[in-house]
Amino acid sequence: MIGRLLGSRTKRAQRTSLLAAVWTPPNAGALSCRVLDPVNQPVPQAEFTVIDTAGRKVVSGGTDPFGSFVAAVPAGEYRLAVSAEGYAPYRAAATVAEDSLTSLGDVTLQVAQPPALPAPGDWEIEPTHSAIGFTARHIGLARIRGRFNSFAGVVRVAEDAERSAMHVVIDAASIDTNVKMRDDHLRSGDFLDVARFPTLEFYSDRFAHRGGNKWAVTGALSLHGVTRTVTLDTEYLGLGNGMEGEVRAACRATTELHRDDFTVSWQTMLARGIAVVGPTIKVELDIQVVPKG
């Protein structure tokens with residue numbers, strides 16, 4: 001009976017062993033860790049990257065719902081990086097031996113300090129180092145990318161950043177997909193109808209901090225004579241200095257527009273019922289602002 005009990009315990013230990021759960025070829029071992037936040041809760045989808053001594057990426061991936069990561073790698077010396085949104089990156093070194101498990105144990109990520117915000121006051125978009133682009137589906141396959149070459153805007157930064165405001169004006173006729181015939185069609189009454197609606201305008205209603213460097217900027221977008229509420233998912237990139245020492249702030253933002261919401265409803269179908277132009281447009285903004293005046 002004692003033998004059976006010991007045998008049962010051995011089998012149970014084998015089943016729960018991380019090394020037993022990972023197939024390791026000859027000359028390889030297993031590497032594992034568990035990623036936690038400062039209150040010891042698991043961090044799922046944390047990004048894990050393993051690099052060898054030559055700087056080559058050996059393996060990468062995300063932690064599971066319990067914050068765990070395990071992978072088989074050739075025996076050797078490695079550098080590891082763990083990152084997750086809202087947390088400071090974690091780096092470590094590890095030596096993996098053949099046919100063994102190397103565990104980093106519990107890795108605790110510290111909350112990242114968000115970048116400093118711009119000083120209160122009016123900041124204007126600097127168009128030379130900014131871009132407003134878009135992506136649309138063509139015949140359900142290719143992505144057509146374009147941009148607007150002419151735009152202007154001001155951000156009024158408040159003492160309480162969530163009370164800030166923004167106004168952006170885009171010249172509709174400046175649309176550019178690098179194909180003149182297509183651009184002329186986009187300017188026509190089938191799409192933007194720039195003769196009747198020469199500008200696109202966005203007025204913000206609310207800035208909401210989502211944590212870390214993530215913000216949501218909600219406001220009214222006027223396009224093609226129709227105004228709808230849209231939200232810009234925004235990543236604030238922080239402050240820097242330009243070539244002449246001027247202070248700059250930068251951000252990236254994305255949103256998705258439905259053409260029918262703005263009565264831009266021109267449509268042609270292919271023989272198989274596939275739309276020539278997709279129903280949604282992804283908008284991407286890379287913006288730098290400088291103090292006005």
# chains A, B, ... in the order shown; residues from 1 in each chain; ligands from 1
>>> residues_around(residues="Asp233 (chain A)", least_positions_apart="4", cutoff="9 Å", atoms="only C-alpha atoms", output="PDB file with all heavy atoms, in the first residue's frame")
ATOM      1  N   LYS A 214      -2.846  56.453 -21.795  1.00  0.00           N
ATOM      2  CA  LYS A 214      -4.030  56.253 -22.639  1.00  0.00           C
ATOM      3  C   LYS A 214      -5.114  57.273 -22.295  1.00  0.00           C
ATOM      4  O   LYS A 214      -5.443  57.484 -21.119  1.00  0.00           O
ATOM      5  CB  LYS A 214      -4.583  54.839 -22.462  1.00  0.00           C
ATOM      6  CG  LYS A 214      -3.582  53.729 -22.777  1.00  0.00           C
ATOM      7  CD  LYS A 214      -3.180  53.738 -24.236  1.00  0.00           C
ATOM      8  CE  LYS A 214      -2.298  52.529 -24.554  1.00  0.00           C
ATOM      9  NZ  LYS A 214      -1.871  52.521 -25.960  1.00  0.00           N
ATOM     10  N   TRP A 215      -5.677  57.871 -23.348  1.00  0.00           N
ATOM     11  CA  TRP A 215      -6.753  58.841 -23.194  1.00  0.00           C
ATOM     12  C   TRP A 215      -7.840  58.534 -24.208  1.00  0.00           C
ATOM     13  O   TRP A 215      -7.585  57.923 -25.247  1.00  0.00           O
ATOM     14  CB  TRP A 215      -6.236  60.264 -23.440  1.00  0.00           C
ATOM     15  CG  TRP A 215      -5.312  60.764 -22.373  1.00  0.00           C
ATOM     16  CD1 TRP A 215      -3.999  60.409 -22.188  1.00  0.00           C
ATOM     17  CD2 TRP A 215      -5.627  61.701 -21.340  1.00  0.00           C
ATOM     18  NE1 TRP A 215      -3.485  61.064 -21.103  1.00  0.00           N
ATOM     19  CE2 TRP A 215      -4.449  61.864 -20.569  1.00  0.00           C
ATOM     20  CE3 TRP A 215      -6.777  62.415 -21.008  1.00  0.00           C
ATOM     21  CZ2 TRP A 215      -4.413  62.725 -19.470  1.00  0.00           C
ATOM     22  CZ3 TRP A 215      -6.739  63.264 -19.919  1.00  0.00           C
ATOM     23  CH2 TRP A 215      -5.571  63.404 -19.154  1.00  0.00           C
ATOM     24  N   ALA A 216      -9.055  58.976 -23.898  1.00  0.00           N
ATOM     25  CA  ALA A 216     -10.148  58.949 -24.860  1.00  0.00           C
ATOM     26  C   ALA A 216     -10.600  60.383 -25.069  1.00  0.00           C
ATOM     27  O   ALA A 216     -10.920  61.077 -24.097  1.00  0.00           O
ATOM     28  CB  ALA A 216     -11.302  58.101 -24.342  1.00  0.00           C
ATOM     29  N   VAL A 217     -10.581  60.830 -26.321  1.00  0.00           N
ATOM     30  CA  VAL A 217     -11.022  62.179 -26.661  1.00  0.00           C
ATOM     31  C   VAL A 217     -12.312  62.040 -27.457  1.00  0.00           C
ATOM     32  O   VAL A 217     -12.305  61.554 -28.590  1.00  0.00           O
ATOM     33  CB  VAL A 217      -9.953  62.940 -27.466  1.00  0.00           C
ATOM     34  CG1 VAL A 217     -10.439  64.353 -27.780  1.00  0.00           C
ATOM     35  CG2 VAL A 217      -8.637  62.992 -26.695  1.00  0.00           C
ATOM     36  N   THR A 218     -13.409  62.443 -26.855  1.00  0.00           N
ATOM     37  CA  THR A 218     -14.728  62.320 -27.478  1.00  0.00           C
ATOM     38  C   THR A 218     -15.195  63.688 -27.950  1.00  0.00           C
ATOM     39  O   THR A 218     -15.002  64.692 -27.263  1.00  0.00           O
ATOM     40  CB  THR A 218     -15.743  61.734 -26.484  1.00  0.00           C
ATOM     41  OG1 THR A 218     -15.282  60.447 -26.058  1.00  0.00           O
ATOM     42  CG2 THR A 218     -17.115  61.594 -27.116  1.00  0.00           C
ATOM     43  N   ARG A 252      -0.605  59.803 -30.590  1.00  0.00           N
ATOM     44  CA  ARG A 252      -1.185  59.020 -31.681  1.00  0.00           C
ATOM     45  C   ARG A 252      -2.640  58.753 -31.330  1.00  0.00           C
ATOM     46  O   ARG A 252      -2.971  58.564 -30.158  1.00  0.00           O
ATOM     47  CB  ARG A 252      -0.463  57.676 -31.862  1.00  0.00           C
ATOM     48  CG  ARG A 252       0.985  57.768 -32.281  1.00  0.00           C
ATOM     49  CD  ARG A 252       1.492  56.398 -32.717  1.00  0.00           C
ATOM     50  NE  ARG A 252       2.922  56.412 -32.957  1.00  0.00           N
ATOM     51  CZ  ARG A 252       3.842  55.952 -32.103  1.00  0.00           C
ATOM     52  NH1 ARG A 252       3.430  55.409 -30.960  1.00  0.00           N
ATOM     53  NH2 ARG A 252       5.111  56.003 -32.374  1.00  0.00           N
ATOM     54  N   ALA A 253      -3.495  58.711 -32.344  1.00  0.00           N
ATOM     55  CA  ALA A 253      -4.912  58.454 -32.085  1.00  0.00           C
ATOM     56  C   ALA A 253      -5.515  57.693 -33.250  1.00  0.00           C
ATOM     57  O   ALA A 253      -5.075  57.835 -34.400  1.00  0.00           O
ATOM     58  CB  ALA A 253      -5.665  59.762 -31.859  1.00  0.00           C
ATOM     59  N   THR A 254      -6.520  56.882 -32.954  1.00  0.00           N
ATOM     60  CA  THR A 254      -7.231  56.135 -33.994  1.00  0.00           C
ATOM     61  C   THR A 254      -8.725  56.173 -33.713  1.00  0.00           C
ATOM     62  O   THR A 254      -9.166  56.312 -32.568  1.00  0.00           O
ATOM     63  CB  THR A 254      -6.785  54.658 -34.041  1.00  0.00           C
ATOM     64  OG1 THR A 254      -7.093  54.034 -32.804  1.00  0.00           O
ATOM     65  CG2 THR A 254      -5.287  54.541 -34.315  1.00  0.00           C
ATOM     66  N   THR A 255      -9.508  56.041 -34.770  1.00  0.00           N
ATOM     67  CA  THR A 255     -10.948  55.847 -34.643  1.00  0.00           C
ATOM     68  C   THR A 255     -11.436  55.160 -35.902  1.00  0.00           C
ATOM     69  O   THR A 255     -10.707  55.070 -36.891  1.00  0.00           O
ATOM     70  CB  THR A 255     -11.687  57.185 -34.411  1.00  0.00           C
ATOM     71  OG1 THR A 255     -13.029  56.916 -34.008  1.00  0.00           O
ATOM     72  CG2 THR A 255     -11.694  58.041 -35.667  1.00  0.00           C
TER      73      THR A 255
END
>>> atom_distance(atom1="CA of Thr102 (chain A)", atom2="CA of Thr63 (chain A)")
16.5 Å
>>> residues_around(residues="region 176-190 of chain A", least_positions_apart="2", cutoff="6 Å", atoms="only C-alpha atoms", output="PyMOL selection string")
chain A and resi 146-147+192-194+266
>>> write_last_selection(atoms="N, CA, C and O atoms", output="short mmCIF file (atom, residue, chain, number, x, y, z; two decimals), in the first residue's frame")
data_model
loop_
_atom_site.label_atom_id
_atom_site.label_comp_id
_atom_site.auth_asym_id
_atom_site.auth_seq_id
_atom_site.Cartn_x
_atom_site.Cartn_y
_atom_site.Cartn_z
N GLY A 146 -4.63 56.51 -47.54
CA GLY A 146 -4.58 57.89 -48.00
C GLY A 146 -4.33 58.83 -46.84
O GLY A 146 -4.16 58.41 -45.69
N ARG A 147 -4.34 60.12 -47.14
CA ARG A 147 -4.09 61.13 -46.11
C ARG A 147 -4.71 62.45 -46.54
O ARG A 147 -5.12 62.62 -47.70
N LEU A 192 -16.91 62.91 -50.78
CA LEU A 192 -16.80 64.06 -49.88
C LEU A 192 -17.56 65.29 -50.36
O LEU A 192 -17.91 66.15 -49.55
N ASP A 193 -17.78 65.39 -51.67
CA ASP A 193 -18.51 66.53 -52.23
C ASP A 193 -17.90 67.85 -51.74
O ASP A 193 -18.55 68.67 -51.10
N VAL A 194 -16.62 68.04 -52.07
CA VAL A 194 -15.88 69.16 -51.49
C VAL A 194 -16.42 70.52 -51.95
O VAL A 194 -16.20 71.54 -51.28
N TRP A 266 -22.16 56.16 -51.44
CA TRP A 266 -21.94 55.65 -52.79
C TRP A 266 -21.44 54.21 -52.71
O TRP A 266 -20.59 53.88 -51.90
#
>>> closest_residue(among="A:Ser100, A:Ser164, A:Thr135, A:Thr229", to="Asn27 (chain A)", atoms="only C-alpha atoms")
A:Ser100
>>> closest_residue(among="A:Cys33, A:Gln41, A:Gly133, A:Gly62", to="Ala92 (chain A)", atoms="only C-alpha atoms")
A:Cys33
>>> residues_around(residues="Ala46 (chain A)", least_positions_apart="4", cutoff="9 Å", atoms="only C-alpha atoms", output="PyMOL selection string")
chain A and resi 35+61-64+67+82-85
>>> residues_around(residues="region 195-203 of chain A", least_positions_apart="2", cutoff="10 Å", atoms="only C-alpha atoms", output="NGL selection string")
:A and (151-153 or 165-174 or 187-189 or 192-193 or 205-206 or 217-230)
>>> select_by_dssp(residues="region 81-241 of chain A", states="strand (DSSP E or B)", output="compact mmCIF listing (two decimals) with N, CA, C and O atoms, in the first residue's frame")
# COMPACT_ATOMS: atom_id res chain seq x y z
N ALA A 81 12.80 40.26 -21.50
CA ALA A 81 12.08 41.51 -21.29
C ALA A 81 10.60 41.19 -21.14
O ALA A 81 10.03 40.42 -21.92
N VAL A 82 9.98 41.78 -20.12
CA VAL A 82 8.55 41.61 -19.87
C VAL A 82 7.92 42.99 -19.87
O VAL A 82 8.42 43.90 -19.19
N SER A 83 6.85 43.17 -20.63
CA SER A 83 6.19 44.48 -20.68
C SER A 83 4.69 44.28 -20.71
O SER A 83 4.18 43.26 -21.18
N TYR A 87 2.57 49.49 -17.24
CA TYR A 87 3.60 49.05 -16.30
C TYR A 87 4.99 49.36 -16.86
O TYR A 87 5.19 49.39 -18.08
N TYR A 90 10.23 45.18 -17.42
CA TYR A 90 11.08 44.40 -16.52
C TYR A 90 12.10 43.65 -17.37
O TYR A 90 11.75 43.06 -18.39
N ARG A 91 13.37 43.66 -16.94
CA ARG A 91 14.42 42.97 -17.68
C ARG A 91 15.23 42.10 -16.72
O ARG A 91 15.44 42.46 -15.56
N ALA A 92 15.69 40.96 -17.22
CA ALA A 92 16.47 40.04 -16.39
C ALA A 92 17.33 39.18 -17.30
O ALA A 92 17.18 39.19 -18.54
N ALA A 93 18.25 38.45 -16.70
CA ALA A 93 19.09 37.48 -17.41
C ALA A 93 18.81 36.10 -16.84
O ALA A 93 18.42 35.95 -15.66
N ALA A 94 19.00 35.08 -17.65
CA ALA A 94 18.75 33.71 -17.20
C ALA A 94 19.66 32.76 -17.94
O ALA A 94 20.01 32.98 -19.10
N THR A 95 20.03 31.68 -17.25
CA THR A 95 20.81 30.60 -17.85
C THR A 95 19.94 29.35 -17.86
O THR A 95 19.46 28.91 -16.81
N VAL A 96 19.74 28.81 -19.04
CA VAL A 96 18.91 27.61 -19.20
C VAL A 96 19.81 26.42 -19.44
O VAL A 96 20.63 26.43 -20.37
N LEU A 101 14.38 22.84 -15.86
CA LEU A 101 13.47 23.97 -15.82
C LEU A 101 14.15 25.14 -15.14
O LEU A 101 14.60 25.02 -14.00
N THR A 102 14.24 26.26 -15.84
CA THR A 102 14.73 27.50 -15.25
C THR A 102 13.54 28.41 -15.01
O THR A 102 12.88 28.83 -15.97
N SER A 103 13.27 28.70 -13.76
CA SER A 103 12.11 29.53 -13.43
C SER A 103 12.57 30.85 -12.84
O SER A 103 13.43 30.89 -11.96
N LEU A 104 11.97 31.93 -13.35
CA LEU A 104 12.22 33.25 -12.77
C LEU A 104 11.33 33.49 -11.57
O LEU A 104 11.43 34.54 -10.92
N GLY A 105 10.43 32.55 -11.30
CA GLY A 105 9.52 32.72 -10.19
C GLY A 105 8.49 33.79 -10.49
O GLY A 105 8.05 33.96 -11.63
N ASP A 106 8.11 34.53 -9.47
CA ASP A 106 7.13 35.60 -9.63
C ASP A 106 7.84 36.90 -9.99
O ASP A 106 8.72 37.36 -9.26
N VAL A 107 7.46 37.46 -11.13
CA VAL A 107 7.99 38.75 -11.58
C VAL A 107 6.93 39.80 -11.31
O VAL A 107 5.81 39.71 -11.83
N THR A 108 7.26 40.80 -10.49
CA THR A 108 6.29 41.84 -10.15
C THR A 108 6.57 43.09 -10.98
O THR A 108 7.67 43.65 -10.91
N VAL A 111 3.92 49.87 -11.59
CA VAL A 111 3.11 50.78 -12.39
C VAL A 111 4.00 51.87 -12.99
O VAL A 111 4.81 52.48 -12.29
N GLY A 121 -2.47 75.99 -21.44
CA GLY A 121 -2.41 77.03 -22.46
C GLY A 121 -2.79 76.49 -23.81
O GLY A 121 -3.21 75.33 -23.94
N ASP A 122 -2.68 77.32 -24.84
CA ASP A 122 -3.04 76.93 -26.20
C ASP A 122 -1.84 76.35 -26.94
O ASP A 122 -0.77 76.97 -26.98
N TRP A 123 -2.03 75.18 -27.51
CA TRP A 123 -1.01 74.50 -28.31
C TRP A 123 -1.60 74.27 -29.69
O TRP A 123 -2.75 73.84 -29.82
N GLU A 124 -0.82 74.54 -30.73
CA GLU A 124 -1.32 74.36 -32.10
C GLU A 124 -0.63 73.20 -32.78
O GLU A 124 0.54 72.89 -32.51
N ILE A 125 -1.38 72.53 -33.67
CA ILE A 125 -0.81 71.42 -34.43
C ILE A 125 0.28 71.95 -35.35
O ILE A 125 0.11 72.94 -36.04
N ALA A 131 0.45 64.07 -39.14
CA ALA A 131 -0.20 63.38 -40.27
C ALA A 131 -1.59 62.95 -39.87
O ALA A 131 -1.82 62.50 -38.74
N ILE A 132 -2.54 63.09 -40.81
CA ILE A 132 -3.88 62.56 -40.64
C ILE A 132 -4.13 61.62 -41.82
O ILE A 132 -4.22 62.05 -42.97
N GLY A 133 -4.17 60.34 -41.53
CA GLY A 133 -4.31 59.34 -42.58
C GLY A 133 -5.54 58.48 -42.38
O GLY A 133 -6.21 58.54 -41.35
N PHE A 134 -5.83 57.66 -43.39
CA PHE A 134 -6.98 56.76 -43.30
C PHE A 134 -6.70 55.52 -44.12
O PHE A 134 -5.84 55.50 -45.00
N THR A 135 -7.46 54.46 -43.80
CA THR A 135 -7.35 53.19 -44.51
C THR A 135 -8.76 52.68 -44.82
O THR A 135 -9.62 52.68 -43.94
N ALA A 136 -8.97 52.25 -46.06
CA ALA A 136 -10.26 51.71 -46.47
C ALA A 136 -10.04 50.38 -47.20
O ALA A 136 -9.00 50.17 -47.83
N ARG A 137 -11.01 49.50 -47.11
CA ARG A 137 -10.96 48.23 -47.83
C ARG A 137 -11.40 48.42 -49.28
O ARG A 137 -12.36 49.15 -49.56
N HIS A 138 -10.69 47.75 -50.19
CA HIS A 138 -11.05 47.80 -51.61
C HIS A 138 -11.37 46.38 -52.08
O HIS A 138 -10.56 45.47 -51.92
N ALA A 142 -7.69 44.30 -50.72
CA ALA A 142 -6.59 45.22 -50.46
C ALA A 142 -7.02 46.37 -49.56
O ALA A 142 -8.20 46.74 -49.49
N ARG A 143 -6.06 46.95 -48.88
CA ARG A 143 -6.27 48.16 -48.10
C ARG A 143 -5.73 49.35 -48.89
O ARG A 143 -4.58 49.33 -49.32
N ILE A 144 -6.56 50.34 -49.08
CA ILE A 144 -6.14 51.57 -49.74
C ILE A 144 -5.86 52.60 -48.66
O ILE A 144 -6.71 52.87 -47.80
N ARG A 145 -4.66 53.17 -48.69
CA ARG A 145 -4.27 54.15 -47.69
C ARG A 145 -4.19 55.54 -48.30
O ARG A 145 -3.77 55.69 -49.44
N GLY A 146 -4.63 56.51 -47.54
CA GLY A 146 -4.58 57.89 -48.00
C GLY A 146 -4.33 58.83 -46.84
O GLY A 146 -4.16 58.41 -45.69
N ARG A 147 -4.34 60.12 -47.14
CA ARG A 147 -4.09 61.13 -46.11
C ARG A 147 -4.71 62.45 -46.54
O ARG A 147 -5.12 62.62 -47.70
N PHE A 148 -4.79 63.36 -45.60
CA PHE A 148 -5.17 64.74 -45.88
C PHE A 148 -3.92 65.59 -45.70
O PHE A 148 -3.27 65.54 -44.66
N PHE A 151 -4.37 70.72 -43.00
CA PHE A 151 -5.21 70.74 -41.79
C PHE A 151 -4.58 71.69 -40.78
O PHE A 151 -3.42 72.07 -40.87
N ALA A 152 -5.38 72.08 -39.81
CA ALA A 152 -4.91 72.95 -38.73
C ALA A 152 -5.73 72.63 -37.49
O ALA A 152 -6.85 72.12 -37.58
N GLY A 153 -5.17 72.95 -36.33
CA GLY A 153 -5.91 72.67 -35.12
C GLY A 153 -5.24 73.26 -33.90
O GLY A 153 -4.04 73.58 -33.91
N VAL A 154 -6.02 73.41 -32.84
CA VAL A 154 -5.54 73.95 -31.58
C VAL A 154 -6.04 73.07 -30.45
O VAL A 154 -7.20 72.63 -30.46
N VAL A 155 -5.17 72.82 -29.48
CA VAL A 155 -5.55 72.12 -28.25
C VAL A 155 -5.38 73.11 -27.10
O VAL A 155 -4.30 73.69 -26.91
N ARG A 156 -6.44 73.34 -26.37
CA ARG A 156 -6.38 74.20 -25.19
C ARG A 156 -6.24 73.30 -23.96
O ARG A 156 -7.19 72.65 -23.53
N VAL A 157 -5.02 73.26 -23.42
CA VAL A 157 -4.73 72.40 -22.27
C VAL A 157 -5.14 73.13 -21.00
O VAL A 157 -4.70 74.25 -20.73
N ALA A 165 -9.62 71.04 -24.30
CA ALA A 165 -10.50 71.08 -25.48
C ALA A 165 -9.64 71.10 -26.74
O ALA A 165 -8.48 71.53 -26.73
N MET A 166 -10.23 70.66 -27.85
CA MET A 166 -9.50 70.59 -29.12
C MET A 166 -10.44 70.93 -30.26
O MET A 166 -11.61 70.57 -30.25
N HIS A 167 -9.91 71.64 -31.25
CA HIS A 167 -10.64 71.95 -32.47
C HIS A 167 -9.70 71.72 -33.65
O HIS A 167 -8.59 72.27 -33.69
N VAL A 168 -10.13 70.89 -34.60
CA VAL A 168 -9.32 70.56 -35.78
C VAL A 168 -10.15 70.80 -37.03
O VAL A 168 -11.33 70.41 -37.08
N VAL A 169 -9.54 71.44 -38.03
CA VAL A 169 -10.18 71.70 -39.32
C VAL A 169 -9.32 71.05 -40.41
O VAL A 169 -8.10 71.28 -40.46
N ILE A 170 -9.96 70.25 -41.27
CA ILE A 170 -9.25 69.55 -42.35
C ILE A 170 -9.79 70.03 -43.69
O ILE A 170 -11.01 70.11 -43.88
N ASP A 171 -8.91 70.35 -44.60
CA ASP A 171 -9.29 70.73 -45.96
C ASP A 171 -9.66 69.47 -46.73
O ASP A 171 -8.81 68.63 -47.04
N ILE A 175 -7.41 65.66 -49.88
CA ILE A 175 -7.34 64.21 -49.80
C ILE A 175 -6.37 63.69 -50.85
O ILE A 175 -6.31 64.17 -51.99
N ASP A 176 -5.57 62.68 -50.48
CA ASP A 176 -4.49 62.22 -51.36
C ASP A 176 -4.26 60.73 -51.14
O ASP A 176 -3.85 60.30 -50.06
N THR A 199 -14.76 71.45 -45.76
CA THR A 199 -13.93 71.08 -44.61
C THR A 199 -14.55 69.94 -43.82
O THR A 199 -15.76 69.71 -43.87
N LEU A 200 -13.69 69.25 -43.11
CA LEU A 200 -14.09 68.34 -42.04
C LEU A 200 -13.67 69.01 -40.74
O LEU A 200 -12.56 69.56 -40.66
N GLU A 201 -14.53 68.98 -39.72
CA GLU A 201 -14.19 69.64 -38.46
C GLU A 201 -14.48 68.73 -37.27
O GLU A 201 -15.46 67.98 -37.29
N PHE A 202 -13.61 68.83 -36.28
CA PHE A 202 -13.78 68.06 -35.05
C PHE A 202 -13.67 69.01 -33.86
O PHE A 202 -12.69 69.74 -33.72
N TYR A 203 -14.72 69.01 -33.02
CA TYR A 203 -14.73 69.75 -31.76
C TYR A 203 -14.82 68.74 -30.62
O TYR A 203 -15.76 67.95 -30.58
N SER A 204 -13.87 68.77 -29.71
CA SER A 204 -13.92 67.82 -28.60
C SER A 204 -14.96 68.24 -27.57
O SER A 204 -15.22 69.43 -27.37
N ASP A 205 -15.56 67.24 -26.92
CA ASP A 205 -16.47 67.47 -25.80
C ASP A 205 -15.84 67.07 -24.48
O ASP A 205 -16.13 67.65 -23.44
N ARG A 206 -14.96 66.06 -24.54
CA ARG A 206 -14.46 65.50 -23.28
C ARG A 206 -13.13 64.81 -23.50
O ARG A 206 -12.92 64.09 -24.48
N PHE A 207 -12.18 65.04 -22.58
CA PHE A 207 -10.94 64.28 -22.48
C PHE A 207 -11.07 63.36 -21.27
O PHE A 207 -11.36 63.83 -20.16
N ALA A 208 -10.87 62.06 -21.45
CA ALA A 208 -10.98 61.11 -20.34
C ALA A 208 -9.69 60.31 -20.23
O ALA A 208 -9.26 59.68 -21.20
N HIS A 209 -9.08 60.34 -19.05
CA HIS A 209 -7.85 59.60 -18.83
C HIS A 209 -8.17 58.14 -18.55
O HIS A 209 -8.94 57.83 -17.62
N ARG A 210 -7.60 57.24 -19.34
CA ARG A 210 -7.88 55.81 -19.18
C ARG A 210 -6.80 55.08 -18.40
O ARG A 210 -6.81 53.86 -18.29
N GLY A 211 -5.82 55.83 -17.90
CA GLY A 211 -4.72 55.22 -17.17
C GLY A 211 -3.44 55.21 -17.97
O GLY A 211 -3.46 55.07 -19.20
N LYS A 214 -2.85 56.45 -21.79
CA LYS A 214 -4.03 56.25 -22.64
C LYS A 214 -5.11 57.27 -22.30
O LYS A 214 -5.44 57.48 -21.12
N TRP A 215 -5.68 57.87 -23.35
CA TRP A 215 -6.75 58.84 -23.19
C TRP A 215 -7.84 58.53 -24.21
O TRP A 215 -7.58 57.92 -25.25
N ALA A 216 -9.05 58.98 -23.90
CA ALA A 216 -10.15 58.95 -24.86
C ALA A 216 -10.60 60.38 -25.07
O ALA A 216 -10.92 61.08 -24.10
N VAL A 217 -10.58 60.83 -26.32
CA VAL A 217 -11.02 62.18 -26.66
C VAL A 217 -12.31 62.04 -27.46
O VAL A 217 -12.30 61.55 -28.59
N THR A 218 -13.41 62.44 -26.85
CA THR A 218 -14.73 62.32 -27.48
C THR A 218 -15.20 63.69 -27.95
O THR A 218 -15.00 64.69 -27.26
N GLY A 219 -15.79 63.72 -29.14
CA GLY A 219 -16.27 65.00 -29.66
C GLY A 219 -17.16 64.83 -30.86
O GLY A 219 -17.56 63.71 -31.23
N ALA A 220 -17.47 65.95 -31.50
CA ALA A 220 -18.37 65.99 -32.66
C ALA A 220 -17.56 66.14 -33.93
O ALA A 220 -16.79 67.10 -34.07
N LEU A 221 -17.73 65.21 -34.85
CA LEU A 221 -17.09 65.27 -36.16
C LEU A 221 -18.13 65.66 -37.20
O LEU A 221 -19.16 64.98 -37.34
N SER A 222 -17.86 66.73 -37.93
CA SER A 222 -18.73 67.16 -39.04
C SER A 222 -18.06 66.79 -40.35
O SER A 222 -16.94 67.23 -40.63
N LEU A 223 -18.76 65.98 -41.14
CA LEU A 223 -18.23 65.45 -42.39
C LEU A 223 -19.39 65.32 -43.37
O LEU A 223 -20.43 64.76 -43.01
N VAL A 226 -22.87 66.24 -42.16
CA VAL A 226 -23.47 65.49 -41.07
C VAL A 226 -22.53 65.53 -39.87
O VAL A 226 -21.31 65.45 -40.03
N THR A 227 -23.09 65.67 -38.67
CA THR A 227 -22.29 65.69 -37.45
C THR A 227 -22.62 64.48 -36.60
O THR A 227 -23.79 64.19 -36.34
N ARG A 228 -21.58 63.75 -36.20
CA ARG A 228 -21.74 62.57 -35.37
C ARG A 228 -20.70 62.61 -34.23
O ARG A 228 -19.64 63.20 -34.37
N THR A 229 -21.03 61.94 -33.14
CA THR A 229 -20.09 61.82 -32.02
C THR A 229 -19.11 60.68 -32.31
O THR A 229 -19.52 59.57 -32.66
N VAL A 230 -17.83 60.97 -32.16
CA VAL A 230 -16.79 59.95 -32.34
C VAL A 230 -15.83 60.03 -31.17
O VAL A 230 -15.73 61.06 -30.49
N THR A 231 -15.13 58.94 -30.92
CA THR A 231 -14.12 58.90 -29.86
C THR A 231 -12.77 58.53 -30.45
O THR A 231 -12.66 57.54 -31.19
N LEU A 232 -11.77 59.33 -30.15
CA LEU A 232 -10.40 59.07 -30.56
C LEU A 232 -9.69 58.29 -29.46
O LEU A 232 -9.55 58.79 -28.33
N ASP A 233 -9.28 57.06 -29.75
CA ASP A 233 -8.46 56.29 -28.81
C ASP A 233 -7.03 56.80 -28.91
O ASP A 233 -6.37 56.60 -29.93
N THR A 234 -6.57 57.46 -27.87
CA THR A 234 -5.36 58.27 -27.95
C THR A 234 -4.26 57.76 -27.05
O THR A 234 -4.51 57.40 -25.89
N GLU A 235 -3.05 57.72 -27.58
CA GLU A 235 -1.85 57.38 -26.82
C GLU A 235 -0.98 58.64 -26.74
O GLU A 235 -0.48 59.13 -27.75
N TYR A 236 -0.83 59.17 -25.54
CA TYR A 236 -0.01 60.37 -25.35
C TYR A 236 1.46 59.96 -25.24
O TYR A 236 1.82 59.09 -24.43
N LEU A 237 2.31 60.55 -26.06
CA LEU A 237 3.71 60.13 -26.18
C LEU A 237 4.68 60.98 -25.37
O LEU A 237 5.86 60.65 -25.27
N GLY A 238 4.20 62.10 -24.80
CA GLY A 238 5.06 62.89 -23.93
C GLY A 238 5.59 64.14 -24.59
O GLY A 238 5.19 64.55 -25.69
N LEU A 239 6.55 64.78 -23.89
CA LEU A 239 7.15 66.04 -24.31
C LEU A 239 8.54 65.81 -24.86
O LEU A 239 9.24 64.88 -24.47
N GLY A 240 8.95 66.71 -25.75
CA GLY A 240 10.31 66.68 -26.29
C GLY A 240 10.68 68.05 -26.79
O GLY A 240 9.90 69.01 -26.69
N ASN A 241 11.88 68.16 -27.32
CA ASN A 241 12.37 69.43 -27.85
C ASN A 241 12.70 69.29 -29.32
O ASN A 241 13.27 68.28 -29.75
>>> closest_residue(among="A:Glu77, A:Asp286, A:Asp99, A:Asp37", to="Arg56 (chain A)", atoms="only C-alpha atoms")
A:Glu77
>>> select_by_dssp(residues="region 30-248 of chain A", states="alpha helix (DSSP H)", output="VMD selection string")
chain A and resid 180 to 187
>>> residues_around(residues="Ala72 (chain A)", least_positions_apart="5", cutoff="8 Å", atoms="only C-alpha atoms", output="ChimeraX atom specification")
/A:22-24,28-31
>>> write_last_selection(atoms="N, CA and C atoms", output="compact mmCIF listing (two decimals), in the first residue's frame")
# COMPACT_ATOMS: atom_id res chain seq x y z
N VAL A 22 6.14 20.59 -21.03
CA VAL A 22 6.75 21.24 -22.20
C VAL A 22 7.68 20.25 -22.88
N TRP A 23 7.43 20.01 -24.14
CA TRP A 23 8.31 19.10 -24.89
C TRP A 23 9.65 19.80 -25.12
N THR A 24 10.72 19.17 -24.66
CA THR A 24 12.05 19.77 -24.82
C THR A 24 12.92 18.83 -25.65
N ALA A 28 18.04 21.21 -25.02
CA ALA A 28 17.14 22.31 -24.70
C ALA A 28 16.61 22.14 -23.28
N GLY A 29 16.08 23.25 -22.75
CA GLY A 29 15.45 23.25 -21.44
C GLY A 29 14.21 24.11 -21.49
N ALA A 30 13.58 24.30 -20.35
CA ALA A 30 12.36 25.10 -20.28
C ALA A 30 12.61 26.34 -19.43
N LEU A 31 11.95 27.43 -19.83
CA LEU A 31 12.06 28.71 -19.13
C LEU A 31 10.65 29.15 -18.76
